[in-house]
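With mmCIF, C-alpha atoms and all ligand atoms inside, this is protein_19.cif:
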data_work
#
loop_
_atom_site.label_atom_id
_atom_site.label_comp_id
_atom_site.auth_asym_id
_atom_site.auth_seq_id
_atom_site.Cartn_x
_atom_site.Cartn_y
_atom_site.Cartn_z
CA MET A 1 -50.53 228.55 209.93
CA ARG A 2 -47.99 229.89 212.47
CA LYS A 3 -45.26 227.77 210.99
CA LYS A 4 -45.94 229.07 207.50
CA LEU A 5 -45.54 232.73 208.44
CA PRO A 6 -41.70 232.85 208.40
CA TRP A 7 -41.74 231.10 205.03
CA VAL A 8 -44.24 233.56 203.55
CA LEU A 9 -42.29 236.54 204.91
CA GLY A 10 -39.03 235.08 203.69
CA LEU A 11 -40.36 234.47 200.18
CA ALA A 12 -41.92 237.94 200.02
CA THR A 13 -38.59 239.53 201.00
CA LEU A 14 -36.72 237.44 198.46
CA THR A 15 -39.19 238.44 195.73
CA LEU A 16 -38.77 242.13 196.56
CA VAL A 17 -34.98 241.85 196.64
CA LEU A 18 -34.87 240.04 193.30
CA ALA A 19 -37.37 242.47 191.75
CA ALA A 20 -34.97 245.30 192.65
CA CYS A 21 -32.48 243.82 190.19
CA SER A 22 -34.88 244.36 187.29
CA ALA A 23 -35.78 247.96 188.14
CA PRO A 24 -35.85 250.21 185.06
CA ASN A 25 -33.14 252.46 186.51
CA ALA A 26 -30.77 249.54 187.06
CA THR A 27 -28.59 250.61 184.14
CA GLN A 28 -25.37 249.03 185.37
CA SER A 29 -25.88 245.43 184.33
CA THR A 30 -23.17 243.26 182.86
CA LEU A 31 -26.00 241.08 181.57
CA LYS A 32 -26.97 243.77 179.01
CA PRO A 33 -23.69 244.10 177.11
CA VAL A 34 -23.23 246.77 174.43
CA GLY A 35 -20.21 246.20 172.19
CA GLU A 36 -17.94 243.36 171.18
CA VAL A 37 -15.76 242.99 174.30
CA ALA A 38 -18.70 243.17 176.70
CA LYS A 39 -20.56 240.56 174.64
CA GLN A 40 -17.58 238.19 174.62
CA GLN A 41 -17.28 238.55 178.39
CA LYS A 42 -21.01 237.89 178.77
CA ASN A 43 -20.82 234.77 176.54
CA LEU A 44 -18.01 233.40 178.69
CA PHE A 45 -20.06 234.12 181.80
CA ASP A 46 -23.09 232.36 180.29
CA MET A 47 -21.09 229.25 179.44
CA VAL A 48 -19.55 228.96 182.91
CA PHE A 49 -22.92 229.72 184.51
CA TRP A 50 -24.77 226.91 182.72
CA ILE A 51 -21.99 224.41 183.40
CA ALA A 52 -22.23 225.42 187.08
CA VAL A 53 -26.02 224.94 186.94
CA GLY A 54 -25.48 221.43 185.54
CA VAL A 55 -22.98 220.58 188.31
CA PHE A 56 -25.36 222.00 190.92
CA ILE A 57 -28.27 219.91 189.70
CA ILE A 58 -26.23 216.69 189.56
CA VAL A 59 -24.64 217.18 193.01
CA GLU A 60 -27.68 218.50 194.85
CA GLY A 61 -29.95 216.02 193.06
CA GLY A 62 -27.67 213.17 194.16
CA ILE A 63 -27.77 214.37 197.77
CA LEU A 64 -31.56 214.64 197.73
CA LEU A 65 -31.91 211.23 196.12
CA ILE A 66 -29.73 209.56 198.75
CA LEU A 67 -31.45 211.45 201.59
CA PHE A 68 -34.82 210.20 200.37
CA ARG A 69 -33.86 206.69 199.43
CA TYR A 70 -32.00 205.87 202.64
CA ARG A 71 -34.11 207.82 205.11
CA GLN A 72 -35.12 206.10 208.31
CA ARG A 73 -38.44 204.31 208.05
CA LYS A 74 -40.52 202.21 210.40
CA GLY A 75 -39.53 198.57 210.10
CA ARG A 76 -36.20 199.40 208.44
CA GLU A 77 -33.98 200.30 211.37
CA ARG A 78 -31.05 198.29 210.02
CA MET A 79 -28.05 200.23 208.57
CA PRO A 80 -27.88 199.93 204.75
CA LYS A 81 -24.89 198.17 203.25
CA GLN A 82 -21.72 200.34 203.74
CA THR A 83 -19.24 200.78 200.89
CA HIS A 84 -15.55 201.59 201.44
CA GLY A 85 -12.74 202.10 198.94
CA ASN A 86 -14.44 201.86 195.56
CA THR A 87 -11.49 202.64 193.30
CA ARG A 88 -13.48 203.11 190.12
CA LEU A 89 -15.88 205.55 191.79
CA GLU A 90 -13.07 207.55 193.39
CA VAL A 91 -11.05 207.82 190.21
CA GLY A 92 -14.26 208.85 188.43
CA TRP A 93 -15.15 211.69 190.74
CA THR A 94 -11.59 212.99 190.63
CA ILE A 95 -11.31 212.96 186.84
CA LEU A 96 -14.76 214.33 186.10
CA PRO A 97 -14.33 217.69 187.92
CA ALA A 98 -10.85 218.03 186.37
CA LEU A 99 -12.44 217.59 182.94
CA VAL A 100 -15.11 220.19 183.73
CA LEU A 101 -12.39 222.66 184.84
CA ALA A 102 -10.40 221.95 181.68
CA VAL A 103 -13.48 222.70 179.55
CA VAL A 104 -13.98 226.01 181.40
CA MET A 105 -10.27 226.86 181.22
CA VAL A 106 -9.87 226.78 177.42
CA PRO A 107 -12.23 229.68 176.56
CA THR A 108 -11.26 231.58 179.75
CA VAL A 109 -7.54 231.60 178.98
CA SER A 110 -8.08 232.43 175.31
CA MET A 111 -10.35 235.30 176.41
CA ILE A 112 -7.59 236.66 178.68
CA TRP A 113 -5.22 236.76 175.68
CA GLU A 114 -7.91 238.23 173.49
CA LEU A 115 -8.53 241.09 175.96
CA ALA A 116 -4.79 241.80 176.27
CA ARG A 117 -4.26 242.14 172.51
CA ALA A 118 -2.74 245.28 171.01
CA PRO A 119 -5.23 247.87 169.74
CA SER A 120 -5.75 248.30 165.99
CA LYS A 121 -4.07 251.24 164.22
CA ASP A 122 -7.18 253.40 164.06
CA ALA A 123 -8.16 252.81 167.70
CA LEU A 124 -9.02 255.96 169.65
CA ASN A 125 -6.58 256.54 172.53
CA ILE A 126 -7.92 257.98 175.76
CA THR A 127 -6.03 258.42 179.03
CA VAL A 128 -8.31 257.85 182.00
CA LYS A 129 -7.16 259.58 185.17
CA GLY A 130 -8.52 258.55 188.56
CA TYR A 131 -8.57 261.40 191.06
CA GLN A 132 -10.07 261.59 194.51
CA TRP A 133 -12.99 261.44 193.63
CA TRP A 134 -13.70 262.04 189.99
CA TRP A 135 -12.56 260.80 186.60
CA GLY A 136 -10.63 262.90 184.10
CA PHE A 137 -10.32 262.00 180.41
CA GLU A 138 -7.54 263.14 178.11
CA TYR A 139 -7.47 262.57 174.35
CA PRO A 140 -3.75 262.55 173.44
CA ASP A 141 -4.44 262.44 169.69
CA LEU A 142 -6.95 265.32 169.66
CA VAL A 143 -4.99 268.54 169.82
CA THR A 144 -6.70 271.75 170.85
CA GLY A 145 -6.16 274.93 168.92
CA PHE A 146 -5.42 277.06 171.95
CA GLY A 147 -2.38 277.79 174.09
CA ASP A 148 -0.01 275.02 175.06
CA GLN A 149 -2.82 272.81 176.24
CA LYS A 150 -2.06 269.95 173.91
CA ALA A 151 -4.88 267.50 174.28
CA VAL A 152 -8.63 267.71 174.71
CA GLN A 153 -9.44 267.23 178.39
CA ILE A 154 -12.83 266.63 179.93
CA ALA A 155 -14.16 265.32 183.23
CA ASP A 156 -16.95 263.04 184.45
CA GLU A 157 -18.28 262.04 181.04
CA MET A 158 -16.14 260.26 178.47
CA VAL A 159 -17.35 260.96 174.93
CA VAL A 160 -16.56 258.30 172.31
CA PRO A 161 -17.65 257.31 168.80
CA THR A 162 -19.62 254.12 168.10
CA GLY A 163 -18.17 251.37 165.93
CA ARG A 164 -14.54 252.17 166.66
CA GLU A 165 -12.03 250.44 168.87
CA ILE A 166 -11.23 252.47 171.98
CA TYR A 167 -8.00 251.97 173.88
CA LEU A 168 -7.90 253.29 177.43
CA SER A 169 -4.72 253.90 179.41
CA LEU A 170 -5.53 254.11 183.10
CA SER A 171 -3.51 256.19 185.56
CA ALA A 172 -4.01 257.09 189.23
CA GLU A 173 -3.57 260.80 189.87
CA GLY A 174 -4.33 261.07 193.57
CA GLY A 175 -6.08 264.15 194.88
CA GLY A 176 -4.75 266.37 192.11
CA ALA A 177 -2.28 268.37 194.23
CA GLN A 178 1.23 267.48 195.44
CA ASP A 179 2.56 266.54 198.85
CA VAL A 180 5.65 268.11 200.54
CA ASN A 181 8.01 265.92 198.48
CA GLY A 182 6.45 267.04 195.23
CA ASP A 183 4.81 263.66 194.67
CA PRO A 184 1.14 263.49 193.79
CA ASP A 185 -0.90 263.40 197.00
CA PHE A 186 -3.53 260.81 197.93
CA GLN A 187 -2.24 258.16 195.55
CA VAL A 188 -4.76 255.38 195.93
CA ILE A 189 -5.99 252.48 193.83
CA HIS A 190 -9.23 252.98 191.93
CA SER A 191 -11.00 250.61 189.57
CA PHE A 192 -12.58 251.72 186.30
CA TRP A 193 -15.85 249.97 185.51
CA VAL A 194 -18.71 250.52 183.10
CA PRO A 195 -20.63 247.23 183.44
CA GLN A 196 -22.34 247.30 180.04
CA LEU A 197 -19.07 248.01 178.22
CA PHE A 198 -16.21 246.11 179.89
CA GLY A 199 -15.08 244.36 183.06
CA LYS A 200 -13.32 246.09 185.94
CA GLN A 201 -9.71 247.18 185.61
CA ASP A 202 -7.62 248.50 188.49
CA VAL A 203 -6.19 252.02 188.26
CA MET A 204 -2.83 251.76 190.04
CA PRO A 205 -0.37 254.46 191.16
CA GLY A 206 2.88 254.14 189.21
CA ARG A 207 1.51 251.70 186.66
CA THR A 208 -0.52 251.97 183.47
CA ASN A 209 -3.27 249.42 182.88
CA HIS A 210 -5.34 249.22 179.72
CA ILE A 211 -8.87 248.48 178.55
CA LEU A 212 -9.78 247.78 174.94
CA PHE A 213 -13.45 247.99 173.98
CA SER A 214 -15.99 249.25 171.47
CA ILE A 215 -19.65 250.29 171.49
CA ASP A 216 -22.36 249.34 168.93
CA THR A 217 -25.20 251.59 169.99
CA PRO A 218 -25.21 255.34 170.64
CA GLY A 219 -26.30 256.19 174.16
CA THR A 220 -25.18 257.05 177.65
CA TYR A 221 -23.73 254.31 179.82
CA THR A 222 -23.09 254.72 183.52
CA GLY A 223 -20.21 253.37 185.55
CA GLN A 224 -18.38 253.86 188.79
CA CYS A 225 -15.20 253.29 190.70
CA ALA A 226 -15.13 249.68 191.88
CA GLU A 227 -12.25 249.77 194.36
CA PHE A 228 -12.57 251.42 197.77
CA CYS A 229 -10.52 254.61 197.48
CA GLY A 230 -11.58 256.77 200.41
CA LEU A 231 -14.48 258.74 201.79
CA GLN A 232 -16.34 259.38 198.52
CA HIS A 233 -15.57 256.12 196.74
CA GLY A 234 -19.31 255.48 196.41
CA ARG A 235 -19.74 258.77 194.57
CA MET A 236 -16.88 258.41 192.13
CA LYS A 237 -19.15 257.82 189.20
CA LEU A 238 -18.91 258.45 185.47
CA ARG A 239 -20.84 258.28 182.24
CA VAL A 240 -19.75 257.18 178.80
CA VAL A 241 -21.50 259.05 175.99
CA ALA A 242 -21.34 257.16 172.68
CA LEU A 243 -22.08 259.28 169.58
CA GLU A 244 -22.51 258.26 165.92
CA PRO A 245 -19.21 258.90 164.06
CA ASP A 246 -20.51 262.15 162.44
CA ALA A 247 -21.79 263.58 165.71
CA TRP A 248 -18.52 262.53 167.31
CA THR A 249 -16.49 264.45 164.70
CA ASP A 250 -18.60 267.54 165.42
CA TRP A 251 -18.01 267.12 169.12
CA VAL A 252 -14.24 266.86 168.61
CA GLU A 253 -14.23 269.98 166.46
CA HIS A 254 -16.12 271.89 169.13
CA GLN A 255 -13.82 270.68 171.92
CA THR A 256 -10.69 271.79 170.07
CA LEU A 257 -12.04 275.34 169.71
CA SER A 258 -11.11 278.00 172.25
CA PRO A 259 -13.72 278.31 174.98
CA GLN A 260 -16.52 280.83 174.51
CA THR A 261 -15.92 284.41 175.61
CA PRO A 262 -18.85 285.53 177.72
CA THR A 263 -21.09 288.25 176.26
CA GLU A 264 -23.49 288.79 179.12
CA ALA A 265 -22.45 291.24 181.89
CA LEU A 266 -22.91 288.81 184.79
CA ALA A 267 -20.93 286.10 183.00
CA GLU A 268 -18.18 288.60 182.19
CA LYS A 269 -17.99 289.46 185.87
CA GLY A 270 -17.76 285.74 186.62
CA GLU A 271 -14.91 285.36 184.16
CA GLN A 272 -12.94 288.06 185.99
CA ILE A 273 -13.56 286.32 189.33
CA PHE A 274 -12.45 283.04 187.77
CA LEU A 275 -9.28 284.38 186.16
CA ASN A 276 -8.04 286.62 188.98
CA PRO A 277 -7.05 285.82 192.57
CA LEU A 278 -10.00 286.13 194.94
CA SER A 279 -9.95 289.13 197.29
CA ASP A 280 -8.54 288.80 200.84
CA ASP A 281 -6.11 286.04 199.86
CA ARG A 282 -8.85 283.46 199.53
CA GLY A 283 -7.02 281.72 196.68
CA SER A 284 -7.92 281.42 193.02
CA CYS A 285 -10.01 279.20 190.78
CA THR A 286 -7.23 278.87 188.21
CA ALA A 287 -4.87 277.33 190.78
CA CYS A 288 -6.64 274.04 190.03
CA HIS A 289 -9.04 274.54 187.12
CA SER A 290 -8.31 275.38 183.50
CA VAL A 291 -10.42 277.20 180.97
CA GLY A 292 -8.71 277.25 177.59
CA ASP A 293 -4.98 277.88 178.03
CA VAL A 294 -5.25 279.40 181.52
CA GLY A 295 -5.20 277.50 184.79
CA GLY A 296 -4.00 274.44 186.64
CA ILE A 297 -4.56 270.73 186.30
CA ALA A 298 -5.45 269.60 189.84
CA GLY A 299 -9.21 269.92 189.28
CA PRO A 300 -11.54 269.18 186.36
CA ASN A 301 -10.88 271.13 183.14
CA LEU A 302 -13.80 273.53 182.71
CA SER A 303 -13.18 274.74 179.12
CA HIS A 304 -16.50 273.32 177.93
CA PHE A 305 -18.28 272.94 181.25
CA ALA A 306 -21.73 273.59 179.74
CA ASP A 307 -21.34 271.39 176.65
CA PRO A 308 -24.50 269.24 176.46
CA THR A 309 -22.39 266.06 176.65
CA HIS A 310 -21.07 267.16 180.05
CA GLY A 311 -24.16 266.00 181.93
CA CYS A 312 -22.78 265.62 185.43
CA PHE A 313 -20.07 267.00 187.69
CA ALA A 314 -17.93 266.24 190.76
CA GLY A 315 -17.81 262.50 190.11
CA CYS A 316 -21.33 262.65 188.68
CA ASN A 317 -22.43 263.75 192.10
CA TRP A 318 -25.01 266.06 190.59
CA ASP A 319 -26.48 266.64 187.11
CA THR A 320 -25.23 269.67 185.19
CA PHE A 321 -28.58 270.03 183.42
CA LEU A 322 -32.14 269.54 184.60
CA ALA A 323 -34.52 267.13 182.88
CA ASP A 324 -35.79 269.90 180.58
CA GLY A 325 -32.23 270.71 179.48
CA SER A 326 -31.93 273.96 181.41
CA PRO A 327 -28.78 274.62 183.49
CA ASN A 328 -28.86 273.20 187.00
CA GLU A 329 -27.75 276.52 188.45
CA GLU A 330 -28.92 275.66 191.94
CA ALA A 331 -26.68 272.59 192.15
CA LEU A 332 -23.64 274.49 190.90
CA ALA A 333 -24.35 277.34 193.34
CA ALA A 334 -24.63 274.89 196.24
CA TRP A 335 -21.36 273.30 195.16
CA LEU A 336 -19.54 276.66 195.01
CA ARG A 337 -21.05 277.72 198.35
CA ASP A 338 -19.63 274.71 200.19
CA PRO A 339 -18.31 271.71 198.23
CA GLY A 340 -17.76 269.72 201.43
CA ALA A 341 -21.43 270.04 202.36
CA VAL A 342 -22.47 268.58 198.99
CA LYS A 343 -19.78 265.91 198.93
CA GLN A 344 -18.08 265.33 202.24
CA GLY A 345 -14.29 265.28 201.95
CA ALA A 346 -14.29 266.89 198.48
CA LYS A 347 -10.83 268.24 197.65
CA MET A 348 -12.29 271.54 196.44
CA PRO A 349 -12.08 273.87 199.47
CA ASN A 350 -14.76 276.27 200.60
CA TYR A 351 -13.61 279.68 199.29
CA GLU A 352 -16.14 281.64 201.33
CA LEU A 353 -17.60 283.03 198.10
CA SER A 354 -20.25 285.72 198.46
CA GLU A 355 -23.67 285.14 196.88
CA ASP A 356 -22.81 287.78 194.24
CA GLU A 357 -19.61 285.97 193.38
CA ILE A 358 -21.47 282.67 193.19
CA ASP A 359 -24.13 284.11 190.85
CA ALA A 360 -21.45 285.53 188.57
CA LEU A 361 -19.42 282.29 188.52
CA VAL A 362 -22.55 280.24 187.78
CA ALA A 363 -23.39 282.55 184.85
CA TYR A 364 -19.81 282.30 183.58
CA LEU A 365 -19.48 278.52 183.84
CA TYR A 366 -22.82 277.98 182.10
CA SER A 367 -21.66 280.26 179.26
CA LEU A 368 -18.85 277.81 178.51
CA THR A 369 -20.69 275.61 176.05
CU1 LIG A 401 -12.03 255.63 193.25
CU2 LIG A 401 -13.23 254.06 194.59
#
I'd like the structure from this file rewritten - as structure tokens, please.
Ligand code: CUA
Amino acid sequence: MRKKLPWVLGLATLTLVLAACSAPNATQSTLKPVGEVAKQQKNLFDMVFWIAVGVFIIVEGGILLILFRYRQRKGRERMPKQTHGNTRLEVGWTILPALVLAVVMVPTVSMIWELARAPSKDALNITVKGYQWWWGFEYPDLVTGFGDQKAVQIADEMVVPTGREIYLSLSAEGGGAQDVNGDPDFQVIHSFWVPQLFGKQDVMPGRTNHILFSIDTPGTYTGQCAEFCGLQHGRMKLRVVALEPDAWTDWVEHQTLSPQTPTEALAEKGEQIFLNPLSDDRGSCTACHSVGDVGGIAGPNLSHFADPTHGCFAGCNWDTFLADGSPNEEALAAWLRDPGAVKQGAKMPNYELSEDEIDALVAYLYSLT
């Protein structure tokens, strides 16, 4: 009984660990592909996996067979016949693995070419920008109707249509500000990954990488940065929202409109705080953030902060809306009060905002639908 205990404990642990993989909230699985590219990648994985299973069974089975057959037994202490230099056998076990590798290589190499192909003419272009530590998305072909802000810009959630090729251009933007030489600061390597949609692709400073993919089914797909990029790498998350083509067109139309002008008194007060320098030289929101044609580009664009598709913020660190769809005002207030306390190392400084200022800014930002 004693001897069995470690085995029982070991098996129980293994069962629990494996069960964790099938948890209902485990949404980031490459084994549940949605869309053509993800399915092709999964098929390739399946093929290589089953070949590997075959090799495993043959090799391990052979070892077990020999262990059993030639084990030491009473009355058979003599060494079995030893074989040296069997040419046929040696040539065989050299050629066979080479053949297996060749079989794996053909679809793998053709898949690499397939993934690197040029996008079709009607592909949707999106520039993905990796900042420390959030993702920005720019739609170069979707022009806004306001100011000189040319393209639709959003953060944290990338909104795309189903059934259309999507061509991503990935660029590393550092921390959003510039260093003393005028170069972007904190230029680090990120990796863009939404497991159900496509494999990982590095986001490199000074280089543009691409991802081509499409989505069959409307829904929200989660992803995250897959390359260690600093303190909050683990909370550099994102969501991809896939809408039916009609809903997508409506979304685009809404995004290209000028942001809402607040009507409520508290939100109006918030707008003034947002647009003007803060008192006592504390800085200004528009140094980094844009709403409409006003503001900077170092932080997330907030023109449509409260659009229902913008479900999370600060690298999807917190949800913008509660489960019942109401604004998550508490989370935004906590963020404004002290970003570093919510997300250690966050590039947004603590502006020592008063509770009145925070209330007004929360009302304003949630009026930007
Ligand atoms: Cu960005 Cu890890």
Rank A:Val188, A:Val55, A:Leu11, A:Ala363 by their smallest atom-to-atom distance to ligand LIG 401 (chain A), using only C-alpha atoms and all ligand atoms, and report the top residue only. A:Val188
Here's a test: counting only C-alpha atoms, identify every protein, DNA and RNA residue with an atom at most 9 Å from (-11.9, 266.9, 178.5) in the file's coordinate frame, and state them as a PDB file with C-alpha atoms, in the coordinates of the input.
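Okay, this is what ended up in part_10.pdb:
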ATOM      1  CA  GLY A 136     -10.630 262.900 184.100  1.00  0.00           C
ATOM      2  CA  PHE A 137     -10.320 262.000 180.410  1.00  0.00           C
ATOM      3  CA  GLU A 138      -7.540 263.140 178.110  1.00  0.00           C
ATOM      4  CA  TYR A 139      -7.470 262.570 174.350  1.00  0.00           C
ATOM      5  CA  ALA A 151      -4.880 267.500 174.280  1.00  0.00           C
ATOM      6  CA  VAL A 152      -8.630 267.710 174.710  1.00  0.00           C
ATOM      7  CA  GLN A 153      -9.440 267.230 178.390  1.00  0.00           C
ATOM      8  CA  ILE A 154     -12.830 266.630 179.930  1.00  0.00           C
ATOM      9  CA  ALA A 155     -14.160 265.320 183.230  1.00  0.00           C
ATOM     10  CA  ASP A 156     -16.950 263.040 184.450  1.00  0.00           C
ATOM     11  CA  GLU A 157     -18.280 262.040 181.040  1.00  0.00           C
ATOM     12  CA  MET A 158     -16.140 260.260 178.470  1.00  0.00           C
ATOM     13  CA  VAL A 159     -17.350 260.960 174.930  1.00  0.00           C
ATOM     14  CA  GLN A 255     -13.820 270.680 171.920  1.00  0.00           C
ATOM     15  CA  PRO A 300     -11.540 269.180 186.360  1.00  0.00           C
ATOM     16  CA  ASN A 301     -10.880 271.130 183.140  1.00  0.00           C
ATOM     17  CA  LEU A 302     -13.800 273.530 182.710  1.00  0.00           C
ATOM     18  CA  SER A 303     -13.180 274.740 179.120  1.00  0.00           C
ATOM     19  CA  HIS A 304     -16.500 273.320 177.930  1.00  0.00           C
TER      20      HIS A 304
END
Can you tell me how far atom CA of A:Ile358 sits from atom CA of A:Ser279, in Å to one decimal? 13.8 Å
Tell me, in Å to one decimal, how far atom CA of A:Pro6 is from atom CA of A:Glu60. 24.2 Å
Hey, which residues sit close to ligand LIG 401 (chain A)? Say within 9 Å, counting only C-alpha atoms and all ligand atoms, and write them as a list in words. Gly130, Tyr131, Gln132, Trp133, Trp134, Trp135, Val188, Ile189, His190, Ser191, Phe192, Val203, Gln224, Cys225, Ala226, Glu227, Phe228, Cys229, Gly230, Leu231, Gln232, His233, Gly234, Arg235, Met236 and Lys237 of chain A
Output C-alpha atoms for every residue in the selection just made, as a PDB file, in the coordinates of the input.
ATOM      1  CA  GLY A 130      -8.520 258.550 188.560  1.00  0.00           C
ATOM      2  CA  TYR A 131      -8.570 261.400 191.060  1.00  0.00           C
ATOM      3  CA  GLN A 132     -10.070 261.590 194.510  1.00  0.00           C
ATOM      4  CA  TRP A 133     -12.990 261.440 193.630  1.00  0.00           C
ATOM      5  CA  TRP A 134     -13.700 262.040 189.990  1.00  0.00           C
ATOM      6  CA  TRP A 135     -12.560 260.800 186.600  1.00  0.00           C
ATOM      7  CA  VAL A 188      -4.760 255.380 195.930  1.00  0.00           C
ATOM      8  CA  ILE A 189      -5.990 252.480 193.830  1.00  0.00           C
ATOM      9  CA  HIS A 190      -9.230 252.980 191.930  1.00  0.00           C
ATOM     10  CA  SER A 191     -11.000 250.610 189.570  1.00  0.00           C
ATOM     11  CA  PHE A 192     -12.580 251.720 186.300  1.00  0.00           C
ATOM     12  CA  VAL A 203      -6.190 252.020 188.260  1.00  0.00           C
ATOM     13  CA  GLN A 224     -18.380 253.860 188.790  1.00  0.00           C
ATOM     14  CA  CYS A 225     -15.200 253.290 190.700  1.00  0.00           C
ATOM     15  CA  ALA A 226     -15.130 249.680 191.880  1.00  0.00           C
ATOM     16  CA  GLU A 227     -12.250 249.770 194.360  1.00  0.00           C
ATOM     17  CA  PHE A 228     -12.570 251.420 197.770  1.00  0.00           C
ATOM     18  CA  CYS A 229     -10.520 254.610 197.480  1.00  0.00           C
ATOM     19  CA  GLY A 230     -11.580 256.770 200.410  1.00  0.00           C
ATOM     20  CA  LEU A 231     -14.480 258.740 201.790  1.00  0.00           C
ATOM     21  CA  GLN A 232     -16.340 259.380 198.520  1.00  0.00           C
ATOM     22  CA  HIS A 233     -15.570 256.120 196.740  1.00  0.00           C
ATOM     23  CA  GLY A 234     -19.310 255.480 196.410  1.00  0.00           C
ATOM     24  CA  ARG A 235     -19.740 258.770 194.570  1.00  0.00           C
ATOM     25  CA  MET A 236     -16.880 258.410 192.130  1.00  0.00           C
ATOM     26  CA  LYS A 237     -19.150 257.820 189.200  1.00  0.00           C
TER      27      LYS A 237
END
Within 8 Å of stretch 125-127 of chain A, counting only C-alpha atoms, which residues show up once you throw out same-chain ones fewer than 6 positions away? Write them as a PDB file with C-alpha atoms, keeping the file's coordinate frame, please.
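Okay, result13.pdb is ready:
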ATOM      1  CA  PHE A 137     -10.320 262.000 180.410  1.00  0.00           C
ATOM      2  CA  GLU A 138      -7.540 263.140 178.110  1.00  0.00           C
ATOM      3  CA  TYR A 139      -7.470 262.570 174.350  1.00  0.00           C
ATOM      4  CA  PRO A 140      -3.750 262.550 173.440  1.00  0.00           C
ATOM      5  CA  ASP A 141      -4.440 262.440 169.690  1.00  0.00           C
ATOM      6  CA  ILE A 166     -11.230 252.470 171.980  1.00  0.00           C
ATOM      7  CA  TYR A 167      -8.000 251.970 173.880  1.00  0.00           C
ATOM      8  CA  LEU A 168      -7.900 253.290 177.430  1.00  0.00           C
ATOM      9  CA  SER A 169      -4.720 253.900 179.410  1.00  0.00           C
ATOM     10  CA  LEU A 170      -5.530 254.110 183.100  1.00  0.00           C
ATOM     11  CA  SER A 171      -3.510 256.190 185.560  1.00  0.00           C
TER      12      SER A 171
END
Could you check the closest approach to A:Glu329 for each of A:Tyr221, A:Phe49, A:Phe146, A:Tyr366 and tell me which residue wins, using only C-alpha atoms? A:Tyr366
How big is the axis-aligned box, and where does its centre sit, when it encloses all atoms of stretch 45-58 of chain A listed in the file and has 8 Å added on every side, reported in Å to one decimal as AutoDock Vina command-line options?
--center_x -23.9 --center_y 225.4 --center_z 185.2 --size_x 24.7 --size_y 33.4 --size_z 27.5
List every protein, DNA or RNA residue with an atom no more than 12 Å from (-10.8, 284.8, 187.0) in the file's coordinates, counting all atoms listed in the file, and format the result as a list in words.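 Those residues, ordered by chain and then number, are Ala267, Glu268, Lys269, Gly270, Glu271, Gln272, Ile273, Phe274, Leu275, Asn276, Pro277, Leu278, Ser279, Gly283, Ser284, Cys285, Thr286, Ala287, Cys288, His289, Ser290, Val291, Val294, Gly295, Glu357, Ala360, Leu361, Tyr364 and Leu365 of chain A.
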Separation of atom CA of A:Leu44 from atom CA of A:Val91, in Å and rounded to one decimal: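 Separation of atom CA of A:Leu44 and atom CA of A:Val91: 28.9 Å.
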From A:Ala306, A:Gly299, A:Glu77, A:Gln201, residue lying nearest A:Pro349 [only C-alpha atoms]: A:Gly299
Residues of stretch 172-217 of chain A at most 9 Å from stretch 105-118 of chain A: nearest atom pair and distance in Å, only C-alpha atoms, as CSV:
residue,atom,partner,partner_atom,distance
A:His210,CA,A:Ala116,CA,8.2
A:Ile211,CA,A:Leu115,CA,7.8
A:Leu212,CA,A:Leu115,CA,6.9
A:Phe213,CA,A:Leu115,CA,8.7
List the neighbours of A:Leu31 out to 12 Å using only C-alpha atoms; skip same-chain residues closer than 5 positions along the sequence, and give me the result as a ChimeraX atom specification. /A:21-22,26,38-46,195-199
I want to know what sits within 7 Å of stretch 260-265 of chain A, based on only C-alpha atoms, with residues of the same chain fewer than 6 positions away left out; could you give that as an mmCIF file with C-alpha atoms, in the coordinates of the input?
data_model
loop_
_atom_site.group_PDB
_atom_site.id
_atom_site.type_symbol
_atom_site.label_atom_id
_atom_site.label_comp_id
_atom_site.auth_asym_id
_atom_site.auth_seq_id
_atom_site.Cartn_x
_atom_site.Cartn_y
_atom_site.Cartn_z
ATOM 1 C CA TYR A 364 -19.810 282.300 183.580
ATOM 2 C CA SER A 367 -21.660 280.260 179.260
ATOM 3 C CA LEU A 368 -18.850 277.810 178.510
ATOM 4 C CA THR A 369 -20.690 275.610 176.050
#
